[in-house]
Every structure is written in C-alpha cells, then in structure tokens.
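Working notes for the structure below.
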Amino acid sequence: MSVPQQLDTTRALASSDRIWEEEILPALAEYIRIPNKSQGFDAQWREHGHMERAVALVEGWCKKQPIPGLVVEVHRLAGRAPVIFMEVPGTGPDTVLLYGHLDKQPEMTGWSEGLSPWEPVRRGDRLYGRGGADDGYSAFASLAAVRLLHEQGVPHARCVVLIEAGEESGSPDLPVYIHELAARIGKPSLVVCLDSGCGNYEQLWSTTSLRGLVGGVLRVEILTEGVHSGAATGIVPSSFRILRQILSRVEDEQTGEILVKELHTEIPAARRAQIEASAETLRHEVLETFPWAPGARPLAGILVELILNRTWRPALAVTGAEGMPALANAGNVLRPFTAVKLSMRIPPRVDPHKAAQAFKQALEHDPPYGARVTFSGESGASGWDAPPLAPWLEAASDEASRAYFGKPAMSMGEGGTIPFMAMLGEKFPEAQFLITGVLGPQSNAHGPNEFLHIPMGKRLTGCVASVIAAHFRRAER
Ligand SMILES: [Zn+2]
C-alpha cells in the first residue's frame, strides 16, 4: 500500500472546518470566560486559580484528541507558571516544535456595546473576547493540524507542542522549563509559532522579524507629600514637567524618534527591500485599520518608512500612570510624584540588556532640580530576525497559501515581541521558522474588542498541516 505524502487540501480544509466548528470554537468560548491574566498583570495569579483552570481546559481538550501516541503533560515548577508539553510520535528522527501560549493580557477599557473581554460573542466571521486570538487558539489549532495529517495517513516528523503561560509577561519562566525539557524537546528543524500576525485574512503570512521590548516604571519624586498648588507652583517644580523633560531626552516629542543610539540598529538591506515589495499589500492594514479618532492621522512619512518604524526602529508607548488621582478627585494640589510605565519596543539585533542599561542611564542621570528619578526596568526581551528561508519552506508556504486561500503566501516583519523566538533562534541556529497567526486587521490583541477571525483560523490550521507534511518530504528528497 502506498502512503500519501501530500495532504488532499480540500479534504483537510473540510475537516479543519468541522473540527473548528464542533470542537475548537466551543472550547475557545469557554476559554475566553476565564480571566487568566499573565503573572505580570495579576500578582495573585496563583491564589486566583484562573491559570490552572485554563490549563485544565486546554489539557482536557488535547487529551481527547484522536491522535495515536499523543502524550499530554502539564509541568509545574515551584513558583512558576505551568507549561503544557505535548508530544506526537512521528516517522524518522526529525522534530517539529509548535509553540503557543495561554496567558492573557489584562481587560483594557473601551469594549464596544455588547462585547466584553470575558464573555465570548460570535458575530459573522469573528469570535470576540480576550485571549481567543492571542493566543488561546494555538494549542487547539496545533493539535488539529496534526490530526489532519493523521486522518489522511500523511507522514510527519515527531511533533512537540509547547504551550506556556507567561508569554505576555515576557516568558520569565520559560528558559527554566526549556532547560528541564531539553532532552524531550530534542533538536527541532522546524519551529511553528502561532502567536503572530497577518497582513490580511486572505493569505498565509509569515513573520520575518519581531521587535524586542525594554520596559519599566519611571518615577519622578519632588516632594514627600502633596501641597496646595496655589502656595507651591512657581517655587516647587512640577513632577509632571520634570517627567516631560526626562522623556524628551529619550524621545523627540515632535517626531516620536528615539534619541538613545543604543536602541537603534542598522536596517538590513534585504529587509528594507522586502518591506518595499510588500508595502502596498499592507497599505490598508497599516493605515486604515487603527481606530483613529475623527481627523487623526499617523506619523509623518511614506508608507515604507512607517512600516520600517514599526518593525526595525525603536518606539515608545506610555502604558500606565500613578501619582495622579482620577479626574473626578483632582483637587488643586501640586502632587508629590508622577510615575509612568514605559514600554519601549526595540528592533531585532539590539541586545535588550545593553539597551535597558543605556535607557536607564539616559533617564536617571543628572535629574532636573535634584528630583528623585528612578527607572525600575523589567527584564527585557530580544527581538528576532528570521534566518534565511530554506527553499523547501518557501515553496511549501506558498503552495499551502494557494491551496487553502487561493492566493500566494506573503511575509512581513512584526512590531510585537515573542521572547521565545529569540531564545529558540539562538539555541537552534539551523532551525527553520514558520511564525504566523491570526492577529490581522482590527483583531486588536491587547486592546478592546479583540477577536479571532474564524475562517483565518480554519485555513491556517490546514496550512500548518501541509507545511509539516512538506517538512517531512524535504528529508526524503
Ligand atoms: Zn500572544
């Protein structure tokens, strides 16, 4: 009997559609209801038990999958977020590593009428709710892809699926687990990551680079307690103005350009060329999918420069503040301190430790008026730049995209951060990467109205199955 080497993609898509409708979407709906915020956003995550509930849900779903030889284990090291480790035996010595995460960002405000972070709502192609697209679907879709291969008896390499619970906090616990599981993980020659984005919902997108992240809290203290603003202004400098001054050291407030040279890198010519080639396809995603206020517009610059800004240049967001009462409680007081949380994305190839040091130094040195200025940094995360794409993967991605979407595959750099990719890239320099995901136009992960584009999820699952089949065939060639 001959063994088929290639998936019947029509059959695979029909099966993916069925698995999504009957098994994945009901589980995802249940998953969305669990407020399992990442440890960085919920100091009492252990006591609350939400993370364990989410792990139990995913573990239970995965264990039920009709995949021969499937092993599903939950690993728990003391004081650390758990990790789900799964293994599917394969043909031959090779390994494919599939990665995703099940911790979530906090709620954020601004959800539209009828939508909520913790209550799933399906409208048309979209399943709304926190963490469905980022990245709750990844465990389900990874195993569904393997299942598509099994249904058709198509051979594949051994598959390891790793689902962590700390990605949104910078994956602080993952290196320890990777060390512990090193022998079990083996040496993957293909890494599939389903935690990334797509430029539209019409084709397969692979991510060629990610930015890193340096973050922390900047605090400016000028008094030990608040005082009457009528008595103090003109004598006591405002902590807010000092903070503005300090921020202007690191960011040009007119252009948004980051002024600390250690946070920049030289943009590789090949990446610039790739962005020039895909910019027009991304025009809509870059310019029109943000929820602009009436009359508001993006930073100055042509489209290609905006995409380079997002992928290969540092940029700052101020994500939270303390020391300021809510507006309703704001009396005429000169406040004693102002603190803000800074989130600085850094380009690939920039060392996050050196970047964090330079950033801290720029913020803290020579404080105006002798104010107490501190920057308490979090552990930074590296960006990532894909190794050269192997011809087999390029061909397989394109074939898969044409088969499941009817359009060629596309690639792009992402402005977000997936710390694990940099760790893997360092550890397995020979590995190829298919980094992709469902975070496309308006999907708004981390913000309000996050949704998962359901047809994208179904087709992407098929693409992953076909690429894993091609990965096996490449060894045969
Ligand atoms: Zn994510």
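We label chains A, B, ... in the order they appear in the structure tokens, count residues from 1 in each chain, and number ligands from 1 in the order shown.
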Within 9 Å of A:Met423 using only C-alpha atoms, minus same-chain residues under 6 positions, as a list in words:
Pro175, Ser382 and Trp384 of chain A
Ligand 1: which residues are within 6 Å, counting only C-alpha atoms and all ligand atoms, as a PyMOL selection string?
chain A and resi 134-135+195
From a DSSP calculation on the backbone, collect every residue of stretch 134-225 of chain A in alpha helix (DSSP H) and output the set as number ranges by chain.
A: 137-151, 174-180, 182-185
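Of the listed residues (A:Ala326, A:Ile302, A:Ala273, A:Leu263), A:Leu263 comes nearest to A:Gln357; the distances count only C-alpha atoms.
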When you draw a straight line from atom CA of A:Gln152 to atom CA of A:Pro4, how long is it in Å?
7.7 Å
I'd like a table as a tab-separated table: residues in stretch 394-441 of chain A with an atom no more than 9 Å from stretch 451-457 of chain A, each row giving the shortest atom pair and its distance in Å to one decimal, only C-alpha atoms counted, sorted by chain and rising residue number.
```
residue	atom	partner	partner_atom	distance
A:Gly437	CA	A:Gly457	CA	8.1
A:Val438	CA	A:Met456	CA	6.4
A:Leu439	CA	A:Leu452	CA	7.4
A:Gly440	CA	A:His453	CA	8.2
```
Spatial neighbours of A:Gln245, max dist 12 Å, only C-alpha atoms, sep filter under 5 positions, as a short mmCIF file (atom, residue, chain, number, x, y, z; two decimals) with C-alpha atoms, in the first residue's frame:
```
data_model
loop_
_atom_site.label_atom_id
_atom_site.label_comp_id
_atom_site.auth_asym_id
_atom_site.auth_seq_id
_atom_site.Cartn_x
_atom_site.Cartn_y
_atom_site.Cartn_z
CA VAL A 220 9.85 61.32 39.49
CA PRO A 237 8.75 72.37 40.10
CA SER A 238 6.01 70.04 38.95
CA SER A 239 6.96 66.38 38.87
CA PHE A 240 4.98 66.10 35.64
CA VAL A 250 14.86 59.68 25.05
CA GLU A 251 12.13 60.61 22.57
CA ASP A 252 11.80 63.58 20.24
CA GLU A 253 8.35 64.80 21.20
CA ALA A 362 19.56 58.37 29.87
CA LEU A 363 16.53 58.67 32.16
CA GLU A 364 18.26 58.82 35.52
CA ASP A 366 21.61 64.40 36.26
CA PRO A 367 17.98 64.76 37.43
CA PRO A 368 16.46 68.26 37.00
CA TYR A 369 16.07 70.16 40.29
CA VAL A 373 14.28 59.99 39.49
#
```
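Taking atom CA of A:Leu149 and atom CA of A:Pro26 as endpoints, the distance between them is 22.5 Å.
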Would you return as a PyMOL selection string the members of stretch 68-296 of chain A that DSSP assigns to strand (DSSP E) on this structure's backbone?
chain A and resi 71-75+83-88+95-101+121-123+126-128+158-164+190-193+205-210+212-221+227-228
Using only C-alpha atoms, which of the listed residues (A:Gly215, A:Val318, A:Leu13, A:Gly129) sits closest to A:Val464?
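Of the candidates, the smallest distance to A:Val464 is held by A:Leu13.
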Counting only C-alpha atoms, which residues of stretch 382-443 of chain A fall within 12 Å of stretch 85-101 of chain A, and what is the closest atom pair for each with its distance in Å at one decimal, ordered by chain and rising number, as a tab-separated table?
```
residue	atom	partner	partner_atom	distance
A:Ile418	CA	A:Gly100	CA	9.8
A:Pro419	CA	A:Gly100	CA	11.5
A:Phe420	CA	A:Tyr99	CA	8.8
A:Met421	CA	A:Tyr99	CA	9.3
A:Leu424	CA	A:Leu97	CA	10.1
A:Phe428	CA	A:Leu97	CA	11.2
A:Ala431	CA	A:Val96	CA	9.4
A:Gln432	CA	A:Val96	CA	9.6
A:Phe433	CA	A:Leu97	CA	9.5
A:Leu434	CA	A:Leu98	CA	9.4
A:Ile435	CA	A:Tyr99	CA	9.4
A:Thr436	CA	A:Tyr99	CA	10.8
A:Gly437	CA	A:Gly100	CA	10.0
```
Selection from above, N, CA, C and O atoms, as a PDB file, in the first residue's frame, can you write it?
```
ATOM      1  N   ILE A 418       7.847  38.260  20.652  1.00  0.00           N
ATOM      2  CA  ILE A 418       7.609  36.901  21.157  1.00  0.00           C
ATOM      3  C   ILE A 418       8.962  36.421  21.683  1.00  0.00           C
ATOM      4  O   ILE A 418       9.800  35.955  20.926  1.00  0.00           O
ATOM      5  N   PRO A 419       9.182  36.581  22.998  1.00  0.00           N
ATOM      6  CA  PRO A 419      10.539  36.365  23.536  1.00  0.00           C
ATOM      7  C   PRO A 419      11.114  34.988  23.192  1.00  0.00           C
ATOM      8  O   PRO A 419      12.323  34.849  22.977  1.00  0.00           O
ATOM      9  N   PHE A 420      10.232  33.993  23.120  1.00  0.00           N
ATOM     10  CA  PHE A 420      10.707  32.627  22.909  1.00  0.00           C
ATOM     11  C   PHE A 420      11.382  32.450  21.551  1.00  0.00           C
ATOM     12  O   PHE A 420      12.276  31.617  21.398  1.00  0.00           O
ATOM     13  N   MET A 421      10.978  33.226  20.556  1.00  0.00           N
ATOM     14  CA  MET A 421      11.572  33.049  19.229  1.00  0.00           C
ATOM     15  C   MET A 421      13.061  33.391  19.249  1.00  0.00           C
ATOM     16  O   MET A 421      13.863  32.709  18.627  1.00  0.00           O
ATOM     17  N   LEU A 424      14.872  30.526  20.911  1.00  0.00           N
ATOM     18  CA  LEU A 424      14.988  29.362  20.023  1.00  0.00           C
ATOM     19  C   LEU A 424      15.990  29.614  18.907  1.00  0.00           C
ATOM     20  O   LEU A 424      16.769  28.733  18.545  1.00  0.00           O
ATOM     21  N   PHE A 428      18.822  27.024  18.446  1.00  0.00           N
ATOM     22  CA  PHE A 428      18.774  26.153  17.261  1.00  0.00           C
ATOM     23  C   PHE A 428      19.003  26.975  15.995  1.00  0.00           C
ATOM     24  O   PHE A 428      18.069  27.223  15.228  1.00  0.00           O
ATOM     25  N   ALA A 431      17.504  25.788  12.706  1.00  0.00           N
ATOM     26  CA  ALA A 431      16.065  25.555  12.542  1.00  0.00           C
ATOM     27  C   ALA A 431      15.435  26.571  11.584  1.00  0.00           C
ATOM     28  O   ALA A 431      15.868  27.712  11.486  1.00  0.00           O
ATOM     29  N   GLN A 432      14.396  26.114  10.900  1.00  0.00           N
ATOM     30  CA  GLN A 432      13.574  26.994  10.084  1.00  0.00           C
ATOM     31  C   GLN A 432      12.346  27.396  10.900  1.00  0.00           C
ATOM     32  O   GLN A 432      11.917  26.652  11.789  1.00  0.00           O
ATOM     33  N   PHE A 433      11.790  28.541  10.594  1.00  0.00           N
ATOM     34  CA  PHE A 433      10.668  29.062  11.374  1.00  0.00           C
ATOM     35  C   PHE A 433       9.474  29.381  10.488  1.00  0.00           C
ATOM     36  O   PHE A 433       9.624  30.057   9.475  1.00  0.00           O
ATOM     37  N   LEU A 434       8.319  28.895  10.905  1.00  0.00           N
ATOM     38  CA  LEU A 434       7.060  29.383  10.339  1.00  0.00           C
ATOM     39  C   LEU A 434       6.341  30.093  11.477  1.00  0.00           C
ATOM     40  O   LEU A 434       5.718  29.461  12.338  1.00  0.00           O
ATOM     41  N   ILE A 435       6.493  31.407  11.494  1.00  0.00           N
ATOM     42  CA  ILE A 435       5.859  32.202  12.544  1.00  0.00           C
ATOM     43  C   ILE A 435       4.675  32.900  11.902  1.00  0.00           C
ATOM     44  O   ILE A 435       4.842  33.663  10.953  1.00  0.00           O
ATOM     45  N   THR A 436       3.503  32.575  12.391  1.00  0.00           N
ATOM     46  CA  THR A 436       2.321  33.117  11.746  1.00  0.00           C
ATOM     47  C   THR A 436       1.236  33.275  12.796  1.00  0.00           C
ATOM     48  O   THR A 436       1.498  33.110  13.991  1.00  0.00           O
ATOM     49  N   GLY A 437       0.035  33.627  12.380  1.00  0.00           N
ATOM     50  CA  GLY A 437      -1.014  33.808  13.369  1.00  0.00           C
ATOM     51  C   GLY A 437      -2.235  34.455  12.766  1.00  0.00           C
ATOM     52  O   GLY A 437      -2.312  34.671  11.559  1.00  0.00           O
TER      53      GLY A 437
END
```
For stretch 199-213 of chain A, find every residue with an atom within 6 Å (counting only C-alpha atoms), except residues of its own chain fewer than 6 positions away, and show them as a list in words.
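Counting only the stated atoms, we get Leu282, Met344, Arg345, Ile346, Pro347, Pro348, Gly380, Ala381, Ser382, Gly383, Trp384, Asp385, Ala386, Ser401, Phe405, Lys407, Ala409, Met410, Ser411, Met412, Gly413, Glu414, Gly415, Gly416, Thr417, Ile435, Thr436, Gly440 and Met456 of chain A.
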At what distance in Å, to one decimal, does atom CA of A:Leu259 lie from atom CA of A:Val286?
24.1 Å
